[in-house]
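K.L.:
Input file: run_19.csv. Contents: CSV, C-alpha atoms.
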```csv
chain,number,residue,atom,x,y,z
A,224,MET,CA,33.6,1.4,16.9
A,225,LYS,CA,32.7,-1.4,14.5
A,226,PHE,CA,29.0,-0.8,14.8
A,227,GLY,CA,29.2,3.0,15.1
A,228,ILE,CA,27.4,4.1,12.0
A,229,SER,CA,25.2,1.1,11.5
A,230,SER,CA,24.0,1.1,15.1
A,231,LEU,CA,23.3,4.8,15.0
A,232,LEU,CA,21.3,4.4,11.8
A,233,ALA,CA,19.6,1.4,13.2
A,234,ALA,CA,18.7,3.1,16.4
A,235,LEU,CA,17.1,5.8,14.4
A,236,LEU,CA,15.2,3.4,12.4
A,237,LEU,CA,14.2,1.4,15.4
A,238,SER,CA,13.3,4.2,17.7
A,239,CYS,CA,11.4,6.2,15.1
A,240,SER,CA,10.4,9.7,16.2
A,241,ALA,CA,9.8,10.7,19.8
A,242,GLY,CA,6.2,11.2,18.7
A,243,ALA,CA,5.9,7.6,17.6
A,244,PHE,CA,7.3,6.5,21.0
A,245,ALA,CA,4.9,8.7,22.9
A,246,GLN,CA,1.9,7.3,20.9
A,247,GLN,CA,2.8,3.7,21.1
A,248,ALA,CA,3.5,4.2,24.8
A,249,GLY,CA,-0.2,5.0,25.1
A,250,ALA,CA,-1.1,1.6,23.7
A,251,LYS,CA,-1.4,-1.3,26.1
A,252,PRO,CA,1.4,-3.8,26.1
A,253,GLU,CA,-0.9,-6.6,25.0
A,254,GLN,CA,-2.0,-4.4,22.1
A,255,GLN,CA,1.6,-3.7,21.1
A,256,ILE,CA,2.4,-7.4,21.2
A,257,LYS,CA,-0.7,-8.2,19.1
A,258,TRP,CA,0.3,-5.6,16.5
A,259,ARG,CA,3.9,-6.8,16.3
A,260,GLN,CA,2.8,-10.4,16.0
A,261,SER,CA,0.5,-9.3,13.2
A,262,VAL,CA,3.3,-7.4,11.5
A,263,TYR,CA,5.4,-10.6,11.5
A,264,GLN,CA,2.5,-12.6,10.1
A,265,VAL,CA,2.1,-10.1,7.2
A,266,LEU,CA,5.9,-10.2,6.6
A,267,GLY,CA,5.7,-14.0,6.5
A,268,TRP,CA,2.8,-14.0,4.1
A,269,ASN,CA,4.6,-11.7,1.7
A,270,SER,CA,7.9,-13.5,2.0
A,271,GLY,CA,6.1,-16.7,1.2
A,272,ARG,CA,4.7,-15.2,-1.9
A,273,ILE,CA,8.1,-14.0,-3.1
A,274,LYS,CA,9.6,-17.5,-2.4
A,275,ALA,CA,6.8,-19.1,-4.4
A,276,ASN,CA,7.7,-16.8,-7.3
A,277,VAL,CA,11.4,-17.2,-7.3
A,278,ASP,CA,11.1,-21.0,-6.8
A,279,GLY,CA,8.3,-21.4,-9.4
A,280,GLN,CA,6.6,-19.3,-12.0
A,281,TYR,CA,7.7,-15.7,-11.7
A,282,ASN,CA,5.1,-12.9,-11.8
A,283,LYS,CA,6.7,-9.5,-11.6
A,284,ASP,CA,3.7,-7.6,-10.4
A,285,GLU,CA,3.0,-9.9,-7.5
A,286,VAL,CA,6.6,-9.8,-6.4
A,287,VAL,CA,6.6,-6.0,-6.6
A,288,ARG,CA,3.5,-5.9,-4.5
A,289,ALA,CA,4.9,-8.3,-1.9
A,290,ALA,CA,8.3,-6.6,-1.7
A,291,ASN,CA,6.7,-3.2,-1.4
A,292,ALA,CA,4.6,-4.4,1.5
A,293,ILE,CA,7.7,-5.8,3.2
A,294,ALA,CA,9.7,-2.6,2.7
A,295,ALA,CA,6.8,-0.4,3.9
A,296,LEU,CA,6.5,-2.5,7.1
A,297,ALA,CA,10.3,-2.5,7.6
A,298,ASN,CA,10.1,1.3,7.4
A,299,SER,CA,7.0,1.7,9.5
A,300,GLY,CA,8.7,1.7,12.9
A,301,ILE,CA,8.2,-1.8,14.2
A,302,GLY,CA,10.6,-1.0,17.0
A,303,SER,CA,8.0,1.2,18.6
A,304,LEU,CA,5.9,-2.0,19.3
A,305,PHE,CA,8.5,-3.3,21.7
A,306,GLY,CA,7.8,-0.7,24.4
A,307,PRO,CA,8.1,-0.9,28.1
A,308,GLY,CA,5.9,-3.6,29.6
A,309,THR,CA,6.0,-5.8,26.5
A,310,GLU,CA,8.9,-8.0,27.6
A,311,THR,CA,6.3,-10.7,28.5
A,312,GLY,CA,2.6,-11.0,27.8
A,313,LYS,CA,0.1,-12.2,25.4
A,314,GLY,CA,-1.1,-10.5,22.2
A,315,TRP,CA,-2.7,-13.1,19.9
A,316,LYS,CA,-0.5,-15.5,21.8
A,317,GLU,CA,2.4,-15.3,24.3
A,318,THR,CA,5.2,-13.2,22.9
A,319,ALA,CA,8.0,-15.1,21.3
A,320,THR,CA,10.5,-12.3,21.9
A,321,LYS,CA,13.3,-13.5,24.1
A,322,PRO,CA,14.2,-11.4,27.2
A,323,GLU,CA,17.6,-10.9,25.7
A,324,PHE,CA,16.0,-8.7,23.0
A,325,PHE,CA,15.3,-6.0,25.6
A,326,LYS,CA,18.7,-6.1,27.1
A,327,ASN,CA,20.7,-5.6,23.9
A,328,PRO,CA,19.5,-2.5,22.2
A,329,GLN,CA,22.8,-2.0,20.3
A,330,LYS,CA,22.7,-5.5,18.8
A,331,VAL,CA,19.0,-5.3,18.1
A,332,GLY,CA,19.5,-1.9,16.4
A,333,GLU,CA,22.2,-3.4,14.2
A,334,LEU,CA,20.0,-6.3,13.2
A,335,ALA,CA,17.0,-4.1,12.6
A,336,GLY,CA,19.1,-1.8,10.4
A,337,ASN,CA,20.2,-4.8,8.4
A,338,PHE,CA,16.6,-5.9,7.9
A,339,ASN,CA,15.6,-2.4,6.8
A,340,ARG,CA,18.4,-2.2,4.3
A,341,GLU,CA,17.8,-5.6,2.8
A,342,ALA,CA,14.0,-5.0,2.6
A,343,ASN,CA,14.4,-1.7,0.8
A,344,GLU,CA,17.0,-3.2,-1.5
A,345,LEU,CA,14.6,-6.0,-2.3
A,346,ALA,CA,11.8,-3.6,-3.2
A,347,LYS,CA,14.3,-1.8,-5.6
A,348,VAL,CA,15.4,-5.0,-7.2
A,349,ALA,CA,11.8,-6.3,-7.5
A,350,ALA,CA,10.9,-3.2,-9.6
A,351,THR,CA,13.5,-4.3,-12.2
A,352,GLY,CA,11.7,-7.6,-12.8
A,353,ASP,CA,15.1,-9.4,-12.8
A,354,ALA,CA,14.0,-12.7,-11.2
A,355,ALA,CA,17.6,-14.0,-10.6
A,356,ALA,CA,18.5,-10.7,-8.9
A,357,VAL,CA,15.4,-10.9,-6.8
A,358,LYS,CA,16.2,-14.5,-5.8
A,359,ALA,CA,19.7,-13.4,-4.6
A,360,GLN,CA,18.4,-10.4,-2.7
A,361,PHE,CA,15.5,-12.4,-1.2
A,362,GLY,CA,18.3,-14.6,0.1
A,363,ASN,CA,20.0,-11.6,1.7
A,364,LEU,CA,16.7,-10.6,3.3
A,365,GLY,CA,16.2,-14.1,4.6
A,366,LYS,CA,19.6,-14.0,6.3
A,367,ALA,CA,18.8,-10.7,8.0
A,368,CYS,CA,15.5,-12.1,9.3
A,369,LYS,CA,17.2,-15.3,10.5
A,370,ALA,CA,20.0,-13.5,12.3
A,371,CYS,CA,17.5,-11.7,14.5
A,372,HIS,CA,15.3,-14.8,15.0
A,373,ASP,CA,18.3,-16.9,16.0
A,374,ASP,CA,19.3,-14.5,18.7
A,375,PHE,CA,16.0,-13.1,19.9
A,376,LYS,CA,13.0,-15.2,18.9
A,377,ALA,CA,11.9,-18.2,20.9
A,378,LYS,CA,10.9,-21.3,19.1
A,379,ASP,CA,7.1,-21.6,18.6
B,135,MET,CA,-23.6,0.0,-15.8
B,136,LYS,CA,-23.1,2.3,-12.8
B,137,PHE,CA,-20.2,0.2,-11.5
B,138,GLY,CA,-18.8,-0.8,-14.8
B,139,ILE,CA,-15.3,0.8,-14.7
B,140,SER,CA,-14.9,0.8,-10.9
B,141,SER,CA,-15.9,-2.8,-10.5
B,142,LEU,CA,-13.6,-3.9,-13.3
B,143,LEU,CA,-10.7,-2.0,-11.7
B,144,ALA,CA,-11.6,-3.3,-8.3
B,145,ALA,CA,-11.9,-6.8,-9.5
B,146,LEU,CA,-8.4,-6.5,-10.9
B,147,LEU,CA,-7.1,-5.1,-7.6
B,148,LEU,CA,-8.9,-7.7,-5.6
B,149,SER,CA,-8.1,-10.7,-7.6
B,150,CYS,CA,-4.5,-9.9,-8.2
B,151,SER,CA,-2.7,-12.1,-10.7
B,152,ALA,CA,-3.7,-15.6,-11.5
B,153,GLY,CA,-0.4,-16.5,-10.0
B,154,ALA,CA,-1.3,-14.9,-6.7
B,155,PHE,CA,-4.6,-16.9,-6.6
B,156,ALA,CA,-2.8,-20.1,-7.4
B,157,GLN,CA,-0.3,-19.6,-4.6
B,158,GLN,CA,-2.8,-18.4,-2.0
B,159,ALA,CA,-5.0,-21.4,-2.9
B,160,GLY,CA,-2.1,-23.5,-1.7
B,161,ALA,CA,-2.4,-21.9,1.7
B,162,LYS,CA,-4.8,-23.5,4.2
B,163,PRO,CA,-8.0,-21.6,4.9
B,164,GLU,CA,-7.0,-21.1,8.5
B,165,GLN,CA,-3.7,-19.6,7.5
B,166,GLN,CA,-5.4,-17.3,5.0
B,167,ILE,CA,-7.8,-16.1,7.7
B,168,LYS,CA,-4.8,-15.6,10.1
B,169,TRP,CA,-3.0,-13.5,7.5
B,170,ARG,CA,-6.0,-11.3,6.7
B,171,GLN,CA,-6.7,-10.8,10.4
B,172,SER,CA,-3.1,-9.8,10.8
B,173,VAL,CA,-3.3,-7.4,7.8
B,174,TYR,CA,-6.3,-5.6,9.4
B,175,GLN,CA,-4.5,-5.4,12.7
B,176,VAL,CA,-1.6,-3.7,11.0
B,177,LEU,CA,-3.9,-1.4,9.1
B,178,GLY,CA,-5.5,-0.5,12.4
B,179,TRP,CA,-2.2,0.1,14.1
B,180,ASN,CA,-1.1,2.5,11.3
B,181,SER,CA,-4.5,4.2,11.1
B,182,GLY,CA,-4.4,4.8,14.9
B,183,ARG,CA,-1.0,6.5,14.5
B,184,ILE,CA,-2.3,8.8,11.8
B,185,LYS,CA,-5.3,9.7,13.9
B,186,ALA,CA,-3.1,10.5,16.8
B,187,ASN,CA,-1.0,12.8,14.6
B,188,VAL,CA,-3.9,14.6,12.9
B,189,ASP,CA,-5.7,15.0,16.3
B,190,GLY,CA,-2.6,16.0,18.2
B,191,GLN,CA,1.0,16.9,17.5
B,192,TYR,CA,1.8,16.3,13.9
B,193,ASN,CA,4.9,14.5,12.9
B,194,LYS,CA,5.3,14.3,9.1
B,195,ASP,CA,7.8,11.4,9.1
B,196,GLU,CA,5.6,9.2,11.2
B,197,VAL,CA,2.5,9.9,9.1
B,198,VAL,CA,4.4,9.2,5.9
B,199,ARG,CA,5.6,5.8,7.3
B,200,ALA,CA,2.1,4.9,8.5
B,201,ALA,CA,0.4,6.0,5.3
B,202,ASN,CA,3.0,4.2,3.1
B,203,ALA,CA,2.4,1.0,5.1
B,204,ILE,CA,-1.4,1.3,4.7
B,205,ALA,CA,-1.0,2.0,0.9
B,206,ALA,CA,1.4,-0.9,0.4
B,207,LEU,CA,-0.9,-3.3,2.2
B,208,ALA,CA,-3.9,-2.0,0.2
B,209,ASN,CA,-1.9,-2.7,-3.0
B,210,SER,CA,-0.6,-6.1,-1.8
B,211,GLY,CA,-3.6,-8.1,-2.9
B,212,ILE,CA,-5.6,-8.7,0.3
B,213,GLY,CA,-8.4,-10.2,-1.8
B,214,SER,CA,-6.3,-13.3,-2.3
B,215,LEU,CA,-6.7,-14.1,1.4
B,216,PHE,CA,-10.4,-14.6,1.0
B,217,GLY,CA,-10.1,-17.8,-1.0
B,218,PRO,CA,-12.4,-20.8,-1.2
B,219,GLY,CA,-12.9,-22.4,2.2
B,220,THR,CA,-12.3,-19.2,4.2
B,221,GLU,CA,-16.0,-18.4,4.5
B,222,THR,CA,-15.9,-19.7,8.0
B,223,GLY,CA,-13.1,-20.8,10.2
B,224,LYS,CA,-10.5,-19.6,12.7
B,225,GLY,CA,-7.3,-17.8,12.1
B,226,TRP,CA,-6.1,-16.0,15.3
B,227,LYS,CA,-9.8,-16.1,16.1
B,228,GLU,CA,-13.1,-16.9,14.3
B,229,THR,CA,-13.4,-14.9,11.1
B,230,ALA,CA,-15.4,-11.7,11.3
B,231,THR,CA,-16.2,-11.7,7.6
B,232,LYS,CA,-19.9,-12.0,7.0
B,233,PRO,CA,-21.2,-14.7,4.6
B,234,GLU,CA,-22.6,-11.9,2.4
B,235,PHE,CA,-19.0,-10.9,1.6
B,236,PHE,CA,-18.5,-14.1,-0.5
B,237,LYS,CA,-21.8,-13.7,-2.3
B,238,ASN,CA,-21.4,-10.1,-3.5
B,239,PRO,CA,-18.1,-10.0,-5.5
B,240,GLN,CA,-19.2,-7.0,-7.5
B,241,LYS,CA,-20.0,-4.9,-4.4
B,242,VAL,CA,-16.9,-6.1,-2.6
B,243,GLY,CA,-14.8,-5.2,-5.6
B,244,GLU,CA,-16.3,-1.7,-5.7
B,245,LEU,CA,-15.6,-1.2,-2.0
B,246,ALA,CA,-12.1,-2.7,-2.3
B,247,GLY,CA,-11.4,-0.4,-5.2
B,248,ASN,CA,-12.5,2.6,-3.1
B,249,PHE,CA,-10.2,1.6,-0.3
B,250,ASN,CA,-7.2,1.2,-2.6
B,251,ARG,CA,-7.8,4.6,-4.2
B,252,GLU,CA,-8.2,6.4,-0.8
B,253,ALA,CA,-5.2,4.6,0.7
B,254,ASN,CA,-3.0,5.6,-2.2
B,255,GLU,CA,-4.2,9.1,-2.2
B,256,LEU,CA,-3.5,9.4,1.5
B,257,ALA,CA,0.1,8.3,0.9
B,258,LYS,CA,0.4,11.0,-1.7
B,259,VAL,CA,-1.0,13.6,0.5
B,260,ALA,CA,1.1,12.5,3.5
B,261,ALA,CA,4.2,13.1,1.4
B,262,THR,CA,3.3,16.8,1.1
B,263,GLY,CA,3.3,17.2,4.9
B,264,ASP,CA,0.0,19.2,4.7
B,265,ALA,CA,-1.6,18.2,8.0
B,266,ALA,CA,-5.0,19.6,7.2
B,267,ALA,CA,-5.1,17.9,3.8
B,268,VAL,CA,-4.0,14.6,5.5
B,269,LYS,CA,-6.8,15.0,8.0
B,270,ALA,CA,-9.3,15.4,5.2
B,271,GLN,CA,-8.0,12.5,3.2
B,272,PHE,CA,-7.7,10.3,6.3
B,273,GLY,CA,-11.4,11.0,6.8
B,274,ASN,CA,-12.0,9.7,3.2
B,275,LEU,CA,-10.1,6.6,3.9
B,276,GLY,CA,-12.1,6.0,7.1
B,277,LYS,CA,-15.3,6.2,5.2
B,278,ALA,CA,-14.0,3.6,2.7
B,279,CYS,CA,-13.1,1.3,5.6
B,280,LYS,CA,-16.4,1.8,7.3
B,281,ALA,CA,-18.4,1.2,4.2
B,282,CYS,CA,-17.0,-2.3,3.9
B,283,HIS,CA,-17.2,-3.0,7.6
B,284,ASP,CA,-20.8,-1.9,7.7
B,285,ASP,CA,-21.8,-4.4,5.0
B,286,PHE,CA,-19.4,-7.3,5.5
B,287,LYS,CA,-17.8,-7.3,8.9
B,288,ALA,CA,-19.5,-8.9,11.9
B,289,LYS,CA,-19.2,-7.0,15.2
B,290,ASP,CA,-16.4,-8.3,17.4
```
I need this file expressed as structure tokens, please.

P.N.:
Amino acid sequence: MKFGISSLLAALLLSCSAGAFAQQAGAKPEQQIKWRQSVYQVLGWNSGRIKANVDGQYNKDEVVRAANAIAALANSGIGSLFGPGTETGKGWKETATKPEFFKNPQKVGELAGNFNREANELAKVAATGDAAAVKAQFGNLGKACKACHDDFKAKD
Amino acid sequence: MKFGISSLLAALLLSCSAGAFAQQAGAKPEQQIKWRQSVYQVLGWNSGRIKANVDGQYNKDEVVRAANAIAALANSGIGSLFGPGTETGKGWKETATKPEFFKNPQKVGELAGNFNREANELAKVAATGDAAAVKAQFGNLGKACKACHDDFKAKD
């Protein structure tokens, strides 16, 4: 039962509401893939901005904006964009999600829960303006991203 | 001086910090275009979810998640993704931003300020769970989106 609570939480976070599922189910697989590829691009943009701040000149307001965007997307229900029929296919480009992603909901739920937790924590820390704490928490978020990419994202 | 205050506010919202500009300036034009195209896809995804809720069965939690994502992106500094060199070019696809966009910073600032205001108001209204008020405010946000698209977005 090692993953009992975290996987329950993560499954809730990932699955969103039944309503969300129903509505995303109405979107074509190619559209769902395009949306999720877009979400990851936006996450990448904002992660890059935070990295530039913690590695260089620190601007609290910019970090807050970027961290809030990451947290809001983490909370938005990205899991609903991995609906049936999206195991393969092309959004902006061919999906980079590995087939294993769709076969391991418990593991995916655990990793998604970690990502959500670290993203929300980063938004909290960013609001304090403590650059060192942001750098540390940004590292934690990066580990959560990498853990899922390592297992479930094909190399570009 | 009709646009005095709103354009000043909008210019601030659009331009973000000098730091943001400096960092985005380091990103290649094609990358900036890809990021902004991704942001608009994510805005479209979340707008579609809210529309499905206000037109059909209303799920407060999903609307809150979607509205928060839209507001966080509106606040994130999208204007920094329209840097020098991005007037033409291809991100995921050729940019749909009209040349006029880059020649009318005051008008763009005004429209961007309206979008930010309506997006943040929608997030506030969504938190109340008042479906009728969300529907009305979602209409206001739609008008703000359309106003900018009409003037500055080429047809797909």

K.L.:
Would you mind telling me which residue in B:Gln165, B:Asn202, B:Asn274, B:Thr231 lies nearest to chain A when using all atoms listed in the file?

P.N.:
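For chain A, the nearest of the given residues is B:Asn202.
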
K.L.:
With a cut-off of 8 Å and counting only C-alpha atoms, select all residues of chain A in contact with chain B and give the selection as a PyMOL selection string.

P.N.:
chain A and resi 239-240+242-243+246+257-258+260-262+264-265+268+272+275+280+282+284-285+288-289+291-292+295-296+298-300+315

K.L.:
If I take CA of Lys162 (chain B) and CA of Ala349 (chain A), how far is one from the other in Å, to one decimal?

P.N.:
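A separation of 26.6 Å between them.
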
K.L.:
Just give me the gap between CA of Lys232 (chain B) and CA of Phe286 (chain B) in Å, one decimal is fine.

P.N.:
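Separating CA of Lys232 (chain B) from CA of Phe286 (chain B) is a distance of 5.0 Å.
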
K.L.:
Would you please work out which residue, of A:Val357, A:Ile273, A:Ala367, A:Ile256, is nearest to Glu341 (chain A) when using all atoms listed in the file?

P.N.:
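Of the candidates, the smallest distance to Glu341 (chain A) is held by A:Ala367.
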
K.L.:
Using all atoms of region 213-232 of chain B listed in the file and a margin of 5 Å per side, can you give the axis-aligned box centre and edge lengths in Å to one decimal, as AutoDock Vina command-line options?

P.N.:
```
--center_x -13.0 --center_y -16.3 --center_z 6.9 --size_x 23.8 --size_y 22.2 --size_z 28.4
```

K.L.:
Separation of CA of Gly273 (chain B) and CA of Ala346 (chain A), in Å?

P.N.:
29.2 Å

K.L.:
Considering all atoms listed in the file, return as number ranges by chain whatever protein or nucleic-acid residues lie within 12 Å of Pro322 (chain A), sequence-local ones (same chain, fewer than 6 positions apart) excluded.

P.N.:
A: 305, 308-312, 328, 331, 374-377

K.L.:
In terms of the shortest atom-to-atom distance over only C-alpha atoms, which of B:Thr229, B:Cys282, B:Gly213, B:Ala267 is closest to Lys241 (chain B)?

P.N.:
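Ranking B:Thr229, B:Cys282, B:Gly213, B:Ala267 by distance to Lys241 (chain B), first place goes to B:Cys282.
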
K.L.:
Please supply region 237-270 of chain B, rebuilt with N, CA and C atoms, as a compact mmCIF listing (two decimals), in the frame of the given file.

P.N.:
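Writing done, so here's result_14.txt:
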```txt
# COMPACT_ATOMS: atom_id res chain seq x y z
N LYS B 237 -20.73 -13.59 -1.32
CA LYS B 237 -21.80 -13.70 -2.30
C LYS B 237 -22.02 -12.45 -3.11
N ASN B 238 -21.21 -11.44 -2.85
CA ASN B 238 -21.40 -10.10 -3.50
C ASN B 238 -20.05 -9.63 -4.09
N PRO B 239 -19.44 -10.40 -4.99
CA PRO B 239 -18.10 -10.00 -5.50
C PRO B 239 -18.10 -8.63 -6.14
N GLN B 240 -19.21 -8.26 -6.80
CA GLN B 240 -19.20 -7.00 -7.50
C GLN B 240 -19.17 -5.82 -6.45
N LYS B 241 -19.98 -5.94 -5.42
CA LYS B 241 -20.00 -4.90 -4.40
C LYS B 241 -18.70 -4.89 -3.62
N VAL B 242 -18.17 -6.06 -3.30
CA VAL B 242 -16.90 -6.10 -2.60
C VAL B 242 -15.80 -5.51 -3.45
N GLY B 243 -15.83 -5.79 -4.73
CA GLY B 243 -14.80 -5.20 -5.60
C GLY B 243 -14.91 -3.71 -5.68
N GLU B 244 -16.13 -3.21 -5.67
CA GLU B 244 -16.30 -1.70 -5.70
C GLU B 244 -15.73 -1.14 -4.40
N LEU B 245 -16.06 -1.75 -3.25
CA LEU B 245 -15.60 -1.20 -2.00
C LEU B 245 -14.06 -1.36 -1.85
N ALA B 246 -13.53 -2.46 -2.35
CA ALA B 246 -12.10 -2.70 -2.30
C ALA B 246 -11.36 -1.65 -3.17
N GLY B 247 -11.96 -1.36 -4.31
CA GLY B 247 -11.40 -0.40 -5.20
C GLY B 247 -11.37 1.02 -4.55
N ASN B 248 -12.45 1.34 -3.84
CA ASN B 248 -12.50 2.60 -3.10
C ASN B 248 -11.41 2.69 -2.06
N PHE B 249 -11.26 1.60 -1.31
CA PHE B 249 -10.20 1.60 -0.30
C PHE B 249 -8.84 1.76 -0.86
N ASN B 250 -8.56 1.06 -1.94
CA ASN B 250 -7.20 1.20 -2.60
C ASN B 250 -6.98 2.64 -3.02
N ARG B 251 -8.00 3.21 -3.64
CA ARG B 251 -7.80 4.60 -4.20
C ARG B 251 -7.58 5.56 -3.02
N GLU B 252 -8.37 5.46 -1.95
CA GLU B 252 -8.20 6.40 -0.80
C GLU B 252 -6.89 6.18 -0.11
N ALA B 253 -6.46 4.93 0.00
CA ALA B 253 -5.20 4.60 0.70
C ALA B 253 -4.01 5.20 -0.12
N ASN B 254 -4.05 5.04 -1.42
CA ASN B 254 -3.00 5.60 -2.20
C ASN B 254 -2.95 7.08 -2.26
N GLU B 255 -4.14 7.66 -2.24
CA GLU B 255 -4.20 9.10 -2.20
C GLU B 255 -3.69 9.64 -0.87
N LEU B 256 -3.97 8.92 0.21
CA LEU B 256 -3.50 9.40 1.50
C LEU B 256 -1.94 9.34 1.55
N ALA B 257 -1.35 8.32 0.95
CA ALA B 257 0.10 8.30 0.90
C ALA B 257 0.68 9.46 0.15
N LYS B 258 0.01 9.81 -0.94
CA LYS B 258 0.40 11.00 -1.70
C LYS B 258 0.33 12.26 -0.91
N VAL B 259 -0.80 12.43 -0.25
CA VAL B 259 -1.00 13.60 0.50
C VAL B 259 -0.08 13.70 1.72
N ALA B 260 0.18 12.57 2.34
CA ALA B 260 1.10 12.50 3.50
C ALA B 260 2.47 13.04 3.11
N ALA B 261 2.90 12.72 1.91
CA ALA B 261 4.20 13.10 1.40
C ALA B 261 4.37 14.64 1.36
N THR B 262 3.25 15.33 1.21
CA THR B 262 3.30 16.80 1.10
C THR B 262 3.52 17.43 2.51
N GLY B 263 3.15 16.70 3.56
CA GLY B 263 3.30 17.20 4.90
C GLY B 263 2.20 18.23 5.29
N ASP B 264 1.16 18.33 4.48
CA ASP B 264 0.00 19.20 4.70
C ASP B 264 -0.92 18.56 5.71
N ALA B 265 -0.83 18.95 6.98
CA ALA B 265 -1.60 18.20 8.00
C ALA B 265 -3.10 18.34 7.80
N ALA B 266 -3.57 19.48 7.36
CA ALA B 266 -5.00 19.60 7.20
C ALA B 266 -5.50 18.77 6.00
N ALA B 267 -4.70 18.70 4.95
CA ALA B 267 -5.10 17.90 3.80
C ALA B 267 -5.02 16.38 4.20
N VAL B 268 -4.05 16.02 5.03
CA VAL B 268 -4.00 14.60 5.50
C VAL B 268 -5.21 14.29 6.34
N LYS B 269 -5.60 15.22 7.20
CA LYS B 269 -6.80 15.00 8.00
C LYS B 269 -8.02 14.74 7.17
N ALA B 270 -8.17 15.55 6.14
CA ALA B 270 -9.30 15.40 5.20
C ALA B 270 -9.27 14.06 4.51
```
